[in-house]
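A.B. asks: Below you will find the structure I want to go over with you.
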Amino acid sequence: GESVGLHLPTLSVQEGDNSIINCAYSNSASDYFIWYKQESGKGPQFIIDIRSNMDKRQGQRVTVLLNKTVKHLSLQIAATQPGDSAVYFCADVRRGNQFYFGTGTSLTVIP
Amino acid sequence: DTGVSQDPRHKITKRGQNVTFRCDPISEHNRLYWYRQTLGQGPEFLTYFQNEAQLEKSRLLSDRFSAERPKGSFSTLEIQRTEQGDSAMYLCAGSGGPDTQYFGPGTRLTVL
């Protein structure tokens, strides 16, 4: 069936290094993608989004890359900080109101 | 803080009991979503309201689940005859448009 999934369930990085979290999606009809950060005991928090007609978008310390050819999405976090430790989810949006979340990647930043 | 609140934050109940959760989005959120999240998984879509109209329901939403948004502001999610498999975090999210959502802190349900 349709799915949004992540390549790695866990990722550990040294403080100050760059982090890359990957996501594969299967629905070519998805028109919008979002990355969320979820800290323990809290709801997901919006990080950055990208529309399907774009291939790159940058925010503050974060960059999202979209490769529609291979249906792959990535989140790059520059100069990772301890406060970035969390679970990161990608979500694809279909028909403007259906949000489908992947399994999540747990990022641990080592001081 | 997204401004979306949920009540209660935690609920422990015995199997077979009914439970009701409440979500209060911010006033600009004409869209409201309910999700269920189990440990280690991403949120799973349950249902979606635009104002007071319930426009989408997932097949995950069995007939024991019902959601309402009577005045287009707060919403309630009721689970009747709870089962142990209903144990999860129930998340509410509000949105002012078709793009991003603002999640509340969730209600953690434990069914004994």
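FYI, nothing fancy with the structure tokens labels: chains A, B, ... in order, residues from 1 per chain, ligands from 1 as they appear.
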Output as number ranges by chain the set of chain A residues within 12 Å of chain B, with distances taken over only C-alpha atoms.

C.D. replies: A: 3-6, 9-10, 31-51, 86-106

A.B. asks: Give me the residues within 9 Å of Thr63 of chain A as an MDAnalysis selection string, counting only C-alpha atoms and dropping any in the same chain fewer than 3 places off.

C.D. replies: chainID A and resid 48 56:60 74:78

A.B. asks: Can I get the selection written as a PDB file, in the first residue's frame, with N, CA, C and O atoms?

C.D. replies:
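The resulting file, again13.pdb, is shown below:
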ATOM      1  N   ILE A  48       9.915  22.417   8.745  1.00  0.00           N
ATOM      2  CA  ILE A  48      10.040  22.989   7.418  1.00  0.00           C
ATOM      3  C   ILE A  48       9.179  22.185   6.460  1.00  0.00           C
ATOM      4  O   ILE A  48       8.909  21.006   6.697  1.00  0.00           O
ATOM      5  N   LYS A  56      14.346  21.999  -3.381  1.00  0.00           N
ATOM      6  CA  LYS A  56      15.148  22.396  -2.232  1.00  0.00           C
ATOM      7  C   LYS A  56      14.485  23.577  -1.542  1.00  0.00           C
ATOM      8  O   LYS A  56      13.939  24.471  -2.205  1.00  0.00           O
ATOM      9  N   ARG A  57      14.569  23.550  -0.230  1.00  0.00           N
ATOM     10  CA  ARG A  57      14.096  24.708   0.535  1.00  0.00           C
ATOM     11  C   ARG A  57      14.946  24.823   1.790  1.00  0.00           C
ATOM     12  O   ARG A  57      15.233  23.819   2.442  1.00  0.00           O
ATOM     13  N   GLN A  58      15.309  26.049   2.121  1.00  0.00           N
ATOM     14  CA  GLN A  58      16.172  26.267   3.278  1.00  0.00           C
ATOM     15  C   GLN A  58      15.464  27.072   4.336  1.00  0.00           C
ATOM     16  O   GLN A  58      14.703  28.001   4.043  1.00  0.00           O
ATOM     17  N   GLY A  59      15.751  26.697   5.587  1.00  0.00           N
ATOM     18  CA  GLY A  59      15.262  27.466   6.726  1.00  0.00           C
ATOM     19  C   GLY A  59      16.455  27.827   7.592  1.00  0.00           C
ATOM     20  O   GLY A  59      17.597  27.792   7.134  1.00  0.00           O
ATOM     21  N   GLN A  60      16.168  28.120   8.826  1.00  0.00           N
ATOM     22  CA  GLN A  60      17.257  28.439   9.739  1.00  0.00           C
ATOM     23  C   GLN A  60      17.923  27.146  10.197  1.00  0.00           C
ATOM     24  O   GLN A  60      17.332  26.342  10.901  1.00  0.00           O
ATOM     25  N   SER A  74      14.877  14.454   2.185  1.00  0.00           N
ATOM     26  CA  SER A  74      15.861  14.479   3.262  1.00  0.00           C
ATOM     27  C   SER A  74      15.791  15.790   4.030  1.00  0.00           C
ATOM     28  O   SER A  74      15.381  16.823   3.489  1.00  0.00           O
ATOM     29  N   LEU A  75      16.184  15.697   5.287  1.00  0.00           N
ATOM     30  CA  LEU A  75      16.267  16.870   6.157  1.00  0.00           C
ATOM     31  C   LEU A  75      17.713  16.997   6.605  1.00  0.00           C
ATOM     32  O   LEU A  75      18.267  16.050   7.166  1.00  0.00           O
ATOM     33  N   GLN A  76      18.291  18.129   6.343  1.00  0.00           N
ATOM     34  CA  GLN A  76      19.661  18.385   6.758  1.00  0.00           C
ATOM     35  C   GLN A  76      19.644  19.433   7.858  1.00  0.00           C
ATOM     36  O   GLN A  76      19.037  20.490   7.701  1.00  0.00           O
ATOM     37  N   ILE A  77      20.293  19.106   8.964  1.00  0.00           N
ATOM     38  CA  ILE A  77      20.409  20.038  10.079  1.00  0.00           C
ATOM     39  C   ILE A  77      21.873  20.427  10.197  1.00  0.00           C
ATOM     40  O   ILE A  77      22.742  19.556  10.394  1.00  0.00           O
ATOM     41  N   ALA A  78      22.148  21.695  10.075  1.00  0.00           N
ATOM     42  CA  ALA A  78      23.533  22.179  10.165  1.00  0.00           C
ATOM     43  C   ALA A  78      23.906  22.446  11.618  1.00  0.00           C
ATOM     44  O   ALA A  78      23.073  22.866  12.427  1.00  0.00           O
TER      45      ALA A  78
END

A.B. asks: Applying 8 Å and only C-alpha atoms, which residues near Phe21 of chain B remain after dropping the ones on its own chain fewer than 6 positions away? List them as a VMD selection string.

C.D. replies: chain B and resid 6 to 8 76 to 78 107

A.B. asks: Using DSSP assignments from the backbone, pull out every residue in segment 42-79 of chain B that falls under strand (DSSP E or B) and give it to me as an NGL selection string.

C.D. replies: :B and (44-50 or 53-57 or 65-68 or 75-79)

A.B. asks: Find the residues around Thr82 of chain B up to 9 Å (only C-alpha atoms counted), leave out those fewer than 4 positions away in its own chain, and share them as a VMD selection string.

C.D. replies: chain B and resid 13 to 19 64 86 to 87 111

A.B. asks: Would you export the selected residues with N, CA and C atoms as a PDB file, in the first residue's frame, please?

C.D. replies:
ATOM      1  N   THR B  13      -7.981   3.991  32.171  1.00  0.00           N
ATOM      2  CA  THR B  13      -9.335   3.473  32.272  1.00  0.00           C
ATOM      3  C   THR B  13      -9.311   1.961  32.205  1.00  0.00           C
ATOM      4  N   LYS B  14     -10.396   1.370  32.620  1.00  0.00           N
ATOM      5  CA  LYS B  14     -10.522  -0.074  32.545  1.00  0.00           C
ATOM      6  C   LYS B  14     -11.186  -0.454  31.231  1.00  0.00           C
ATOM      7  N   ARG B  15     -10.818  -1.585  30.728  1.00  0.00           N
ATOM      8  CA  ARG B  15     -11.392  -2.088  29.485  1.00  0.00           C
ATOM      9  C   ARG B  15     -12.919  -2.108  29.577  1.00  0.00           C
ATOM     10  N   GLY B  16     -13.557  -1.640  28.530  1.00  0.00           N
ATOM     11  CA  GLY B  16     -15.007  -1.620  28.494  1.00  0.00           C
ATOM     12  C   GLY B  16     -15.616  -0.281  28.872  1.00  0.00           C
ATOM     13  N   GLN B  17     -14.815   0.595  29.470  1.00  0.00           N
ATOM     14  CA  GLN B  17     -15.324   1.918  29.851  1.00  0.00           C
ATOM     15  C   GLN B  17     -15.284   2.863  28.654  1.00  0.00           C
ATOM     16  N   ASN B  18     -16.054   3.924  28.751  1.00  0.00           N
ATOM     17  CA  ASN B  18     -16.042   4.968  27.720  1.00  0.00           C
ATOM     18  C   ASN B  18     -15.143   6.109  28.184  1.00  0.00           C
ATOM     19  N   VAL B  19     -14.464   6.726  27.229  1.00  0.00           N
ATOM     20  CA  VAL B  19     -13.626   7.883  27.550  1.00  0.00           C
ATOM     21  C   VAL B  19     -13.898   8.985  26.532  1.00  0.00           C
ATOM     22  N   ARG B  64     -16.723   2.379  17.342  1.00  0.00           N
ATOM     23  CA  ARG B  64     -16.619   2.720  18.767  1.00  0.00           C
ATOM     24  C   ARG B  64     -16.081   4.134  18.963  1.00  0.00           C
ATOM     25  N   ASP B  86      -6.630   0.153  22.268  1.00  0.00           N
ATOM     26  CA  ASP B  86      -6.865   1.587  22.115  1.00  0.00           C
ATOM     27  C   ASP B  86      -5.809   2.409  22.858  1.00  0.00           C
ATOM     28  N   SER B  87      -5.005   1.760  23.659  1.00  0.00           N
ATOM     29  CA  SER B  87      -3.960   2.478  24.397  1.00  0.00           C
ATOM     30  C   SER B  87      -3.002   3.141  23.417  1.00  0.00           C
ATOM     31  N   VAL B 111      -5.397   1.738  28.674  1.00  0.00           N
ATOM     32  CA  VAL B 111      -6.548   0.884  28.947  1.00  0.00           C
ATOM     33  C   VAL B 111      -6.051  -0.380  29.643  1.00  0.00           C
TER      34      VAL B 111
END

A.B. asks: Just checking: using only C-alpha atoms, which residue out of A:Asn18, A:Pro82, A:Pro111, A:Tyr25 ends up closest to Val62 of chain A?

C.D. replies: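 So, comparing all the options, the nearest one is A:Asn18.
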
A.B. asks: How far is it from atom CA of Ala29 of chain A to atom CA of Lys71 of chain A, in Å with one decimal?

C.D. replies: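 It comes out at 10.8 Å.
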
A.B. asks: Any idea what's packed within 10 Å of Thr80 of chain A, counting only C-alpha atoms, ignoring anything in its chain fewer than 6 positions away? Could you give it as a count of residues only?

C.D. replies: 14

A.B. asks: When distances are computed from only C-alpha atoms, which of B:Asp63, B:Arg22, B:Ser5, B:Lys11 shows the smallest separation from Leu112 of chain B?

C.D. replies: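 Closest to Leu112 of chain B of all the choices is B:Lys11.
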